[in-house]
Structures are given as C-alpha cells and as structure tokens.
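This report concerns only the one structure given below.
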Amino acid sequence: MRGTVYTETSMNQKLEPHYGAGVDGAKFWPRPKLTKKTLRTLKSGGSIALFGPRRTGKSSVMKETKRLLSEDNKFHVIELNLEGRVSMTAFVTRLLKQLPEQTGKSLLQRWTQLPFLPEALTEAIKRFSDGKAGGGKADDSLFMEFWAQLAEAVEKQVLESDKTIVFFFDELPYFCDNQIEAGVTPDTIDTFLATLRRWRQAGIPMAIAGSIGIREIARQHGLEMDHLNDLVSVTIPPLEDDDAKDMLRALAAGFELAWWSDELADAVLATTADTFPSFLQRAMIEIESEDARTPEAVATALKGTYRREFEISFFEQFSKRLKHYGDEEPTARKILSTLAARNPCDVGALAEAAKETGMDDDAIQNLLIALEQDAFIATDPETREAVFAYKVVETWWRSRP
C-alpha cells in the first residue's frame with residue numbers, strides 16, 4: 001500500500017463514516033499537499049481562492065485549514081459562511097461576533113466616530129453596541145451603501161489586533177449574486193469586493209471559497225473582473241487511485257466490514273462518479289446498506305440510488321450553471337462539444353470552434369477562463385491542451401449534452 005505523510009492512513013486506520021457538511025480533524029481524509037499550500041500561503045500573509053463544484057471537498061479543506069491555523073496562537077480565524085440569503089446586516093453581525101472581544105468593541109466605537117454617516121446608520125451601529133438586533137432591510141441598505149467607509153475602519157482595527165486575523169469567506173460569489181437580486185446595484189458590489197481586496201493588500205490574509213466562480217457573477221452583472229486576481233488559486237483534485245483505495249479501506253474499517261477487499265475497492269473505482277472523498281463516503285454508505293460483498297453487487301449498488309442522487313444534485317448543478325451563461329451559452333456548448341469530440345483538445349482549436357458562433361476573440365478568451373474557473377474544463381499551461389476538469393463533468397456532458 002502506498003504510504004502518505006500522515007501515519008493515520010495506515011491499513012488499520014478507521015475513518016468515521018460521514019456524508020453531508022464539510023469535516024475536519026479525525027473525519028477529514030488527509031490532503032497534505034492542499035493543506036500545506038493553504039496554510040503556507042495564509043501564514044505568509046497571502047490569500048487563497050477555492051472555486052469548484054459542490055461535493056468536491058472545498059468546505060472540508062477550508063475547515064481543516066481553519067482548524068490547523070487556529071492551533072497557532074498567533075492567528076485568530078473568522079469564518080463567514082455566506083451560503084443562502086445572507087443579508088448585509090447578518091454579514092456585519094457575524095463579523096462583529098467573531099472578532100476578538102476588545103477588537104469588536106473598539107471597532108464599534110470607531111464606527112460611531114466616523115464623519116458624514118447618516119443618523120440612521122449611526123443609530124444602527126449604536127444598536128449593535130447595545131447588543132440589539134439590526135433594523136432589517138433599512139439597515140441592510142445603509143451598511144452596504146456606506147461599506148467603503150465602514151470597511152476602512154475594520155481594516156485599521158484588525159491590523160491593530162495583537163493577533164493576525166484571517167478571514168474565511170465561504171460562498172462569497174453567491175452572497176454577491178443574492179445582494180444584487182435583492183436590489184443592490186452592481187456598482188455597490190464592486191465597491192464591496194474592492195474593499196476586500198484592499199484588506200488583502202493591507203496585509204489581512206483571506207480564504208475565499210465558492211461553488212461558482214466570481215467571474216460568472218461578474219459576467220452576469222457587469223462587475224469588474226480583477227477583484228480576486230491577487231488570490232492564490234487552489235484546485236481540489238479527486239484522489240489518486242491508490243489514495244482512494246486507502247480511504248475506502250479506512251471507511252470499511254469504520255463500518256466494520258471485515259469482508260472488505262482490494263477487489264471490491266477496484267469495483268468502486270470503476271463505478272463511482274469520481275474519487276472525491278465525499279463521493280467515496282456516499283458510495284460506502286450504499287455498499288454497506290446493500291451488503292454488497294462482490295464486485296458485481298458493488299456495481300449494482302452504485303447504479304441505483306447512488307447514481308440517481310448524482311443525476312439530481314451534482315449533474316443538475318452543471319446544467320443550471322451552464323444556463324447562467326445566458327447569451328454565451330450556445331458558444332459554451334460549442335466549446336464543450338468540441339472538447340468531447342477530441343478530448344484532450346488544443347485550446348486554440350476550442351477558440352476556433354467558438355468563433356463559428358460569431359463571438360469575438362476577447363469574449364472567447366474570457367469565456368474560456370470562465371469555463372475553467374467554473375470547473376467545466378482544465379487547461380495545461382505548458383501544452384495548452386484542455387480536458388474536462390473532472391471525470392464526473394465529462395460523464396454529465398455525455399449523458400445530457
């Protein structure tokens with residue numbers, strides 16, 4: 001069996017079965033290359049971006065990075081999960097609650113002393129100081145409208161902290177999209193994103209994750225494209241086959257499947273949608289419940305409920321994402337169909353195929369970047385060859401093009 005950096009991945013390791021939300025600690029299957037990169041970047045004052053499909057492990061890598069970072073007394077981590085319809089007031093509330101106590105108090109005091117704020121916003125800040133809730137949509141609009149001034153005060157107060165404060169923003173693109181749907185202008189969102197970049201440039205480390213890339217949101221709403229260009233991109237790959245087999249063995253021990261074998265692991269890898277940890281977790285739940293003790297039984301178990309779940313949840317996220325391209329969807333489809341016919345395919349050939357739809361060169365290049373950021377395709381920077389980003393993406397495209 002191939003060894004890893006972590007001794008926990010020995011043959012006798014038990015991995016607690018888990019499927020659903022992100023995990024860390026004993027529930028997290030070690031991804032040493034990823035966590036080393038994220039920790040090193042954040043500890044050196046840099047910032048990272050993890051964009052990719054759901055269920056590929058972004059939240060788990062974020063949680064494990066946060067756990068490891070929090071073990072270092074020099075750092076204080078603030079985690080803001082922005083999935084769902086999070087209001088601006090909720091954003092501010094969560095920020096204040098997670099700041100070190102004295103930093104939060106000093107920030108509220110600094111906010112009340114800012115010049116030229118409308119009286120209604122000053123009153124809202126005082127309510128926060130008194131531990132009271134915000135005033136709904138009226139406060140949301142005020143906090144967003146005057147965010148540039150408020151954010152400058154946050155920057156100064158955070159940098160004065162005796163610990164390095166690191167921000168973790170999960171689903172930031174959805175937050176921006178939801179704000180615009182709620183009536184916030186794209187210019188205001190541009191200002192919001194620009195202030196986050198200003199924080200990073202001032203030396204505040206940041207980790208940003210999203211199941212859709214910010215480029216898609218920018219394209220939809222006419223936002224500036226360069227707000228997140230200073231981030232170190234972290235891609236979450238599937239597990240290599242040997243690592244996947246190690247994980248399956250550990251899961252089998254966790255399920256107490258004394259009959260588990262390498263032959264069954266091979267059957268899982270041949271049938272599963274892909275080798276992301278959550279996919280393997282879900283596969284083992286099905287195998288255990290069906291008591292699938294032969295390769296044939298494993299294949300049957302993973303073609304039933306397991307396959308339908310991916311059809312409904314994982315596959316549908318790509319179908320919906322493609323529709324978000326609006327007028328550019330036909331060109332995106334042309335690129336993907338060309339890739340499916342030649343996989344792998346030279347990026348230049350994809351661009352030539354896209355020209356057949358009438359799109360100009362600059363727009364094509366932006367679309368190719370968006371397709372890569374949105375995890376449809378992956379490009380080798382040296383050979384300039386493109387492939388489907390993941391096995392499961394190619395399966396989705398070929399099953400419902």
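Following the order of the structure tokens, chains are lettered A, B, ..., residues in each are numbered from 1, and ligands are numbered from 1.
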
Give one line per residue of stretch 249-293 of chain A that approaches stretch 17-39 of chain A to at most 10 Å, naming the two atoms of the closest pair and their distance in Å to one decimal, counting only C-alpha atoms; sort by chain then ascending residue number and deliver it as JSON lines.
```
{"residue": "A:Ala250", "atom": "CA", "partner": "A:Pro17", "partner_atom": "CA", "distance": 9.3}
{"residue": "A:Leu251", "atom": "CA", "partner": "A:Pro17", "partner_atom": "CA", "distance": 6.2}
{"residue": "A:Ala252", "atom": "CA", "partner": "A:Pro17", "partner_atom": "CA", "distance": 8.8}
{"residue": "A:Ala253", "atom": "CA", "partner": "A:Pro17", "partner_atom": "CA", "distance": 9.6}
{"residue": "A:Gly254", "atom": "CA", "partner": "A:Pro17", "partner_atom": "CA", "distance": 6.3}
{"residue": "A:Phe255", "atom": "CA", "partner": "A:Pro17", "partner_atom": "CA", "distance": 6.9}
{"residue": "A:Pro277", "atom": "CA", "partner": "A:Trp29", "partner_atom": "CA", "distance": 7.1}
{"residue": "A:Ser278", "atom": "CA", "partner": "A:Tyr19", "partner_atom": "CA", "distance": 6.4}
{"residue": "A:Phe279", "atom": "CA", "partner": "A:Tyr19", "partner_atom": "CA", "distance": 8.7}
{"residue": "A:Leu280", "atom": "CA", "partner": "A:Tyr19", "partner_atom": "CA", "distance": 9.4}
{"residue": "A:Gln281", "atom": "CA", "partner": "A:Tyr19", "partner_atom": "CA", "distance": 6.1}
{"residue": "A:Arg282", "atom": "CA", "partner": "A:Tyr19", "partner_atom": "CA", "distance": 6.2}
{"residue": "A:Ala283", "atom": "CA", "partner": "A:Tyr19", "partner_atom": "CA", "distance": 9.9}
{"residue": "A:Met284", "atom": "CA", "partner": "A:Pro17", "partner_atom": "CA", "distance": 8.3}
{"residue": "A:Ile285", "atom": "CA", "partner": "A:Pro17", "partner_atom": "CA", "distance": 7.7}
```

Shell of 10 Å around A:Trp259, only C-alpha atoms, local chain residues under 2 positions omitted, as a PyMOL selection string: chain A and resi 252-253+256-257+261+264+292-294

Using C-alpha atoms, can you export the residues from the last selection as a PDB file, in the first residue's frame?
```pdb
ATOM      1  CA  ALA A 252     -14.528  -0.235   5.607  1.00  0.00           C
ATOM      2  CA  ALA A 253     -12.803  -0.416   8.993  1.00  0.00           C
ATOM      3  CA  GLU A 256     -16.614  -2.746  10.499  1.00  0.00           C
ATOM      4  CA  LEU A 257     -16.786  -4.566   7.164  1.00  0.00           C
ATOM      5  CA  SER A 261     -11.081  -6.466  -0.118  1.00  0.00           C
ATOM      6  CA  LEU A 264     -14.170  -4.547  -4.023  1.00  0.00           C
ATOM      7  CA  ALA A 292     -22.570  -5.664  -1.428  1.00  0.00           C
ATOM      8  CA  ARG A 293     -19.856  -8.300  -0.953  1.00  0.00           C
ATOM      9  CA  THR A 294     -18.926  -8.971  -4.569  1.00  0.00           C
TER      10      THR A 294
END
```

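Proximity of A:Glu394, A:Asp327, A:Glu152, A:Glu290 to A:Leu107, computed with only C-alpha atoms, is greatest for A:Glu152.
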
Straight-line distance linking atom CA of A:Thr103 with atom CA of A:Phe169, stated in Å to one decimal: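 Computing it gives 19.4 Å between the two atoms.
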
For A:Leu172, the nearest of the candidates A:Leu193, A:Leu99, A:Val234, A:Leu371, counting only C-alpha atoms: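 With only C-alpha atoms as the atom set, the closest residue is A:Leu193.
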
Non-local contacts of stretch 115-129 of chain A (10 Å; only C-alpha atoms; under 2 positions in same chain excluded) as a ChimeraX atom specification: /A:89,92-93,96,104-105,107-109,111-113,131-135,138-143,146,149-150

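With distances restricted to only C-alpha atoms, A:Pro205 is the closest residue to A:Ala49 from A:Gly304, A:Pro381, A:Pro205, A:Pro295.
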
Give me the residues near A:Gly183 as a PDB file with C-alpha atoms, in the first residue's frame, where near means some atom within 12 Å (using only C-alpha atoms) and where sequence neighbours in that chain fewer than 5 positions away do not count.
```pdb
ATOM      1  CA  SER A  87     -28.274  39.929   4.469  1.00  0.00           C
ATOM      2  CA  LYS A 137     -33.807  45.962   5.120  1.00  0.00           C
ATOM      3  CA  ASP A 140     -29.016  46.327   5.107  1.00  0.00           C
ATOM      4  CA  SER A 141     -29.110  49.158   2.583  1.00  0.00           C
ATOM      5  CA  MET A 144     -23.972  48.234   2.042  1.00  0.00           C
ATOM      6  CA  GLU A 145     -24.157  51.844   0.833  1.00  0.00           C
ATOM      7  CA  CYS A 176     -22.760  38.980  -4.111  1.00  0.00           C
ATOM      8  CA  ASP A 177     -25.320  37.483  -6.505  1.00  0.00           C
ATOM      9  CA  ASN A 178     -28.024  37.442  -3.830  1.00  0.00           C
ATOM     10  CA  THR A 188     -22.088  48.837  -4.856  1.00  0.00           C
ATOM     11  CA  ILE A 189     -20.991  45.194  -5.096  1.00  0.00           C
TER      12      ILE A 189
END
```

Spatial neighbours of A:Leu95, max dist 9 Å, only C-alpha atoms, sep filter under 6 positions, as a list in words: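 Counting only the stated atoms, we get Ile78, Glu79, Leu80 and Gly104 of chain A.
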
Long-range neighbours of A:Glu352 as a count of residues only, 12 Å cut-off, only C-alpha atoms, 5 positions minimum in chain: 16

Which of stretch 144-233 of chain A fall in strand (DSSP E or B), as a ChimeraX atom specification: /A:164-170,206-210,232-233

Straight-line distance linking atom CA of A:Leu336 with atom CA of A:Ile236, stated in Å to one decimal: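 Between atom CA of A:Leu336 and atom CA of A:Ile236 the gap is 21.2 Å.
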
Alpha helix (DSSP H) per DSSP on the backbone: members of stretch 288-318 of chain A, as a ChimeraX atom specification: /A:288-290,295-301,305-309,315-318

For atom CA of A:Ala353 and atom CA of A:Ala340, the interatomic separation in Å (one decimal):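 Rounded to one decimal, the two atoms are 12.5 Å apart.
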
Long-range neighbours of A:Lys323 as a list in words, 12 Å cut-off, only C-alpha atoms, 5 positions minimum in chain: Glu216, Gln220, Glu316, Gln317, Phe318, Glu328, Glu329, Pro330, Thr331, Ala332 and Arg333 of chain A

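Distance check against A:Asp187 using only C-alpha atoms: of A:Ile165, A:Ala218, A:Ile212, A:Leu50, the minimum falls on A:Ala218.
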